[in-house]
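Engineer: Here's a structure for you.
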Amino acid sequence: MTTTHDAAAIALKQRLHALAPETLKGIRRGLEKESLRATPDGSLALTPHPAALGSALTHPHITTDFSESQVELITGVHAGVEDCLSELNEVHQFTYRTLDAAGDEMLWVSSMPCRLPTDETIPIGRYGSSNVGRAKSVYRMGLGHRYGRRMQTISGIHYNWSLPGVSSEEYFALIRNFRRHAFLLLYLFGASPAVCSSFVAGRQHELQSLNGSTMYMPYGTSLRMGRLGYQSQAQSSLAVSYNSLEGYGASLQDALTRPYPTYAKVGIRNPGGDYNQLATTLLQIENEFYGTIRPKRVIFPGERPLHALRERGVEYVEVRLLDLDPFEPLGVSADTMRFIDVFLMHCLLSDSPPDTPAEIAALARNQHKVAARGREPGLQLERDGQDMLLTDWASGLLAEFAPIAASLDAAHGTKAYSQSLQHAARMLANPEQLPSARVLQAMKKNFNGSFTDFVRDRSAHTRAELLAQPFSAERQAYYEAASELSVQKQKDIEQADTMPFDAYLPQYMSPRHLGLSAAAVATAADKHVAAH
């Protein structure tokens with residue numbers, strides 16, 4: 001007798017065997033890595049984004065995220081995992097050489113922040129006087145008002161991934177499965193079980209004290225992805241469906257246009273005339289929607305992301321739940337990237353039934369449970385309305401991944417994909433080998449339980465390691481030229497502006513730029529409501 005599970009496994013293998021090796025070699029990936037700039041004592045660096053790194057508005061590889069103190073390093077799109085990491089390494093080298101020439105700052109190697117000053121002292125990113133640059137700063141000001149600036153200093157790595165010939169419908173099927181199985185990535189690669197107590201000062205939390213300056217969860221994997229991280233009571237009211245581009249667009253459209261009373265009280269401008277936020281709606285812009293994975297499309301200058309998706313479909317997915325690994329110089333390893341390739345291929349090739357509000361709620365509970373208690377012996381998650389041991393579910397997934405890894409190995413002439421699964425299986429069998437466990441072990445053994453001292457040591461070690469690597473005069477000149485060109489591009493944008501910001505902003509924020517007519521929006525919204 002063939003079970004439903006057996007039938008699904010057979011279907012997956014049939015779809016896998018139908019893929020040509022050239023298709024499997026068509027995977028493309030890129031990385032975006034956020035890191036706080038910190039001082040040698042483990043405090044947030046309050047200096048401006050270094051001028052020698054170029055313009056944060058226009059540089060293709062070096063920008064800032066929420067804060068002026070939060071560097072974001074970006075690779076191009078690569079066919080090879082090693083090539084992608086090689087470029088990220090180069091960008092790190094140039095960044096560190098720039099920081100070293102100016103002083104002794106380092107990049108903080110943990111997702112959870114270093115010692116933070118008072119909330120209002122954390123500097124918001126600045127992008128110049130152009131309309132687009134000012135809008136980026138006002139958006140960040142709004143995030144500060146809505147969630148507090150501390151939350152925005154949490155850093156991570158985003159993994160951008162695509163496969164040729166995949167339709168928007170197939171990408172949304174992948175996303176649904178990703179959300180179902182994301183607990184496995186949190187468990188295996190979560191590396192933020194502890195935090196500096198300054199981060200939770202004055203906030204309600206469920207953390208335990210490890211020493212006077214450190215709070216933690218004994219079995220935690222990723223505080224960044226738990227209740228202390230990118231969470232919002234407002235956004236928890238959003239039951240965004242990933243059943244279709246149309247439904248997803250309707251969900252976002254609603255959040256982007258629905259007035260939210262708490263944010264209305266903040267107002268768009270303060271009494272002095274300065275901007276508090278871009279809008280008083282539940283979301284200011286699309287990027288404010290926090291998720292473990294996003295459908296993405298490269299946008300044209302001035303285009304809204306939702307418009308791009310609706311007009312031209314999904315181009316790639318952005319995996320957003322990876323913590324920085326403090327034991328890896330670049331924050332992520334080739335082994336982890338290959339595992340995610342296998343994981344995403346499994347999400348793409350497996351049956352993916354429509355999501356429901358009940359399932360969306362269960363997935364949120366699973367995420368919080370694994371983030372806070374993932375290594376707890378006997379931990380059970382919700383699967384199809386039943387309780388199931390995390391370890392049993394994970395073991396089953398790893399078994400289903402094996403033929404995918406073998407096919408990727410065959411296509412690339414390597415054993416590295418299967419080895420990434422073997423490494424994951426060892427960690428599943430020996431939870432003390434998980435990054436989250438290793439972080440706590442190192443903190444307790446060598447740093448008297450101090451999160452800050454542990455990460456400060458790892459950050460200094462990483463800084464020294466990257467500065468010691470050879471860096472040719474040719475590559476130094478290349479990045480210096482890229483920085484200079486980015487500064488000129490920012491000036492060109494500023495000089496080309498003809499519209500006052502007060503006129504630009506309402507035009508950019510207009511719902512008509514989200515990609516559907518008012519009638520089409522209403523129809524899509526009605527369908528979304530009817531489905532839920």
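Each chain of the structure tokens is named A, B, ... in the order shown, its residues numbered from 1; ligands are numbered from 1 in display order.
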Using only C-alpha atoms, what does the table of stretch 150-174 of chain A residues within 6 Å of stretch 318-334 of chain A look like, with each row giving the shortest atom pair and its distance in Å to one decimal, sorted by chain and ascending number, as JSON lines?
Structural biologist:
```
{"residue": "A:Gly156", "atom": "CA", "partner": "A:Asp323", "partner_atom": "CA", "distance": 5.0}
{"residue": "A:Ile157", "atom": "CA", "partner": "A:Leu322", "partner_atom": "CA", "distance": 5.4}
{"residue": "A:His158", "atom": "CA", "partner": "A:Arg320", "partner_atom": "CA", "distance": 4.8}
{"residue": "A:Tyr159", "atom": "CA", "partner": "A:Val319", "partner_atom": "CA", "distance": 5.0}
{"residue": "A:Asn160", "atom": "CA", "partner": "A:Glu318", "partner_atom": "CA", "distance": 4.4}
```
Engineer: Could you find all residues in stretch 48-192 of chain A that DSSP calls alpha helix (DSSP H) from the backbone, and write them as a ChimeraX atom specification?
Structural biologist: /A:81-102,131-147,149-152,168-189
Engineer: How close does stretch 123-217 of chain A get to stretch 38-53 of chain A? List, as a tab-separated table, each residue of stretch 123-217 of chain A within 10 Å, its nearest atom pair and the distance in Å to one decimal, counting only C-alpha atoms.
Structural biologist:
```
residue	atom	partner	partner_atom	distance
A:Pro123	CA	A:Leu46	CA	6.9
A:Ile124	CA	A:Pro48	CA	9.9
A:Gly125	CA	A:His49	CA	8.3
A:Arg126	CA	A:His49	CA	8.6
A:Thr153	CA	A:Leu44	CA	9.7
```
Engineer: Kindly export the residues of the current selection with C-alpha atoms, as a PDB file, in the first residue's frame.
Structural biologist:
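File again11.pdb, as written:
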```pdb
ATOM      1  CA  PRO A 123      22.226  56.990  14.015  1.00  0.00           C
ATOM      2  CA  ILE A 124      19.834  56.485  11.114  1.00  0.00           C
ATOM      3  CA  GLY A 125      21.295  55.927   7.639  1.00  0.00           C
ATOM      4  CA  ARG A 126      21.890  59.052   5.561  1.00  0.00           C
ATOM      5  CA  THR A 153      20.292  47.019  14.559  1.00  0.00           C
TER       6      THR A 153
END
```
Engineer: Atom CA of A:Pro301 to atom CA of A:Val91: how many Å, to one decimal?
Structural biologist: 24.5 Å
Engineer: Stretch 194-204 of chain A: which residues within 8 Å, counting only C-alpha atoms, same-chain residues fewer than 3 positions away excluded, as a ChimeraX atom specification?
Structural biologist: /A:112-116,150,212-217,220,223,440,451-452
Engineer: A:Leu238, A:Ala191, A:Met106, A:Leu344: which is nearest A:Ser436, counting only C-alpha atoms?
Structural biologist: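 Looking at the shortest contact to A:Ser436, the residue is A:Ala191.
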Engineer: Within 10 Å of A:Lys491, counting only C-alpha atoms, which residues qualify if same-chain residues fewer than 2 places away don't, as a list in words?
Structural biologist: Ser55, Thr58, Gly128, Ser129, Ser130, Leu485, Ser486, Val487, Gln488, Lys489, Ile493, Glu494, Gln495 and Ala496 of chain A
Engineer: Grab the atom CA of A:Pro259 to atom CA of A:Ile285 distance for me, in Å with one decimal place.
Structural biologist: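 Interatomic distance, atom CA of A:Pro259 to atom CA of A:Ile285: 13.0 Å.
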Engineer: Pick out the closest residue to A:Arg512 from this set: A:Asp492, A:Asp409, A:Glu315, A:Glu303. Count only C-alpha atoms.
Structural biologist: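 Answer, going by the shortest atom-to-atom distance: A:Glu303.
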Engineer: Residues at most 12 Å from A:Tyr187, counting only C-alpha atoms, excluding those fewer than 2 positions away in the same chain, as a PDB file with C-alpha atoms, in the first residue's frame?
Structural biologist:
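Ended up saving to result.pdb:
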```
ATOM      1  CA  HIS A 181      10.165  23.656   6.622  1.00  0.00           C
ATOM      2  CA  ALA A 182      12.023  26.828   7.671  1.00  0.00           C
ATOM      3  CA  PHE A 183      12.297  25.443  11.210  1.00  0.00           C
ATOM      4  CA  LEU A 184      15.098  23.179   9.923  1.00  0.00           C
ATOM      5  CA  LEU A 185      17.248  26.122   8.810  1.00  0.00           C
ATOM      6  CA  PHE A 189      22.116  27.479  11.352  1.00  0.00           C
ATOM      7  CA  GLY A 190      20.685  29.662  14.111  1.00  0.00           C
ATOM      8  CA  ALA A 191      23.626  31.298  15.898  1.00  0.00           C
ATOM      9  CA  SER A 192      22.048  33.890  18.190  1.00  0.00           C
ATOM     10  CA  PRO A 193      21.027  32.207  21.478  1.00  0.00           C
ATOM     11  CA  TYR A 219      18.056  25.855  24.240  1.00  0.00           C
ATOM     12  CA  GLY A 220      17.658  28.886  21.962  1.00  0.00           C
ATOM     13  CA  THR A 221      18.835  28.843  18.353  1.00  0.00           C
ATOM     14  CA  SER A 222      18.001  32.261  16.906  1.00  0.00           C
ATOM     15  CA  LEU A 223      16.754  35.082  19.133  1.00  0.00           C
ATOM     16  CA  MET A 225      14.066  35.182  14.456  1.00  0.00           C
ATOM     17  CA  LEU A 321      16.367  33.946   8.135  1.00  0.00           C
ATOM     18  CA  LEU A 322      20.133  33.266   8.230  1.00  0.00           C
ATOM     19  CA  ASP A 323      22.033  34.467  11.289  1.00  0.00           C
ATOM     20  CA  ASN A 366       6.718  26.695  15.149  1.00  0.00           C
ATOM     21  CA  GLN A 367       9.112  29.518  14.295  1.00  0.00           C
ATOM     22  CA  HIS A 368       8.907  31.061  17.759  1.00  0.00           C
ATOM     23  CA  LYS A 369       9.276  27.661  19.404  1.00  0.00           C
ATOM     24  CA  VAL A 370      12.417  26.704  17.454  1.00  0.00           C
ATOM     25  CA  ALA A 371      13.960  30.176  17.832  1.00  0.00           C
ATOM     26  CA  ALA A 372      13.581  30.068  21.631  1.00  0.00           C
ATOM     27  CA  ARG A 373      13.796  26.329  22.413  1.00  0.00           C
ATOM     28  CA  GLY A 374      15.005  24.534  19.288  1.00  0.00           C
ATOM     29  CA  ARG A 375      17.609  22.344  21.030  1.00  0.00           C
ATOM     30  CA  GLU A 376      15.298  21.352  23.861  1.00  0.00           C
ATOM     31  CA  LEU A 379      10.662  19.428  21.380  1.00  0.00           C
ATOM     32  CA  LEU A 390      11.376  18.235  15.548  1.00  0.00           C
ATOM     33  CA  THR A 391      14.118  15.628  15.183  1.00  0.00           C
ATOM     34  CA  TRP A 393      10.545  15.767  11.000  1.00  0.00           C
ATOM     35  CA  ALA A 394      14.095  16.950  10.329  1.00  0.00           C
ATOM     36  CA  ALA A 424      23.635  18.517   8.829  1.00  0.00           C
ATOM     37  CA  ALA A 425      22.844  14.926   9.863  1.00  0.00           C
ATOM     38  CA  MET A 427      24.522  18.158  13.872  1.00  0.00           C
ATOM     39  CA  LEU A 428      21.010  16.739  14.122  1.00  0.00           C
ATOM     40  CA  PRO A 431      23.042  19.064  18.953  1.00  0.00           C
ATOM     41  CA  GLU A 432      26.132  20.288  20.822  1.00  0.00           C
ATOM     42  CA  GLN A 433      27.724  20.754  17.368  1.00  0.00           C
ATOM     43  CA  LEU A 434      25.061  23.282  16.286  1.00  0.00           C
ATOM     44  CA  PRO A 435      26.302  26.887  15.959  1.00  0.00           C
ATOM     45  CA  SER A 436      23.876  28.050  18.667  1.00  0.00           C
ATOM     46  CA  ALA A 437      25.264  25.477  21.104  1.00  0.00           C
TER      47      ALA A 437
END
```
Engineer: Between atom CA of A:Ser111 and atom CA of A:Leu207, what distance in Å does the model show, to one decimal?
Structural biologist: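 Here the two named atoms are 16.7 Å from each other.
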Engineer: Using DSSP assignments from the backbone, pull out every residue in stretch 7-230 of chain A that falls under strand (DSSP E or B) and give it to me as a VMD selection string.
Structural biologist: chain A and resid 28 to 38 43 to 44 62 to 64 67 70 to 74 78 106 to 107 115 124 157 to 162 192 194 to 196 208 to 211 214 to 216 222
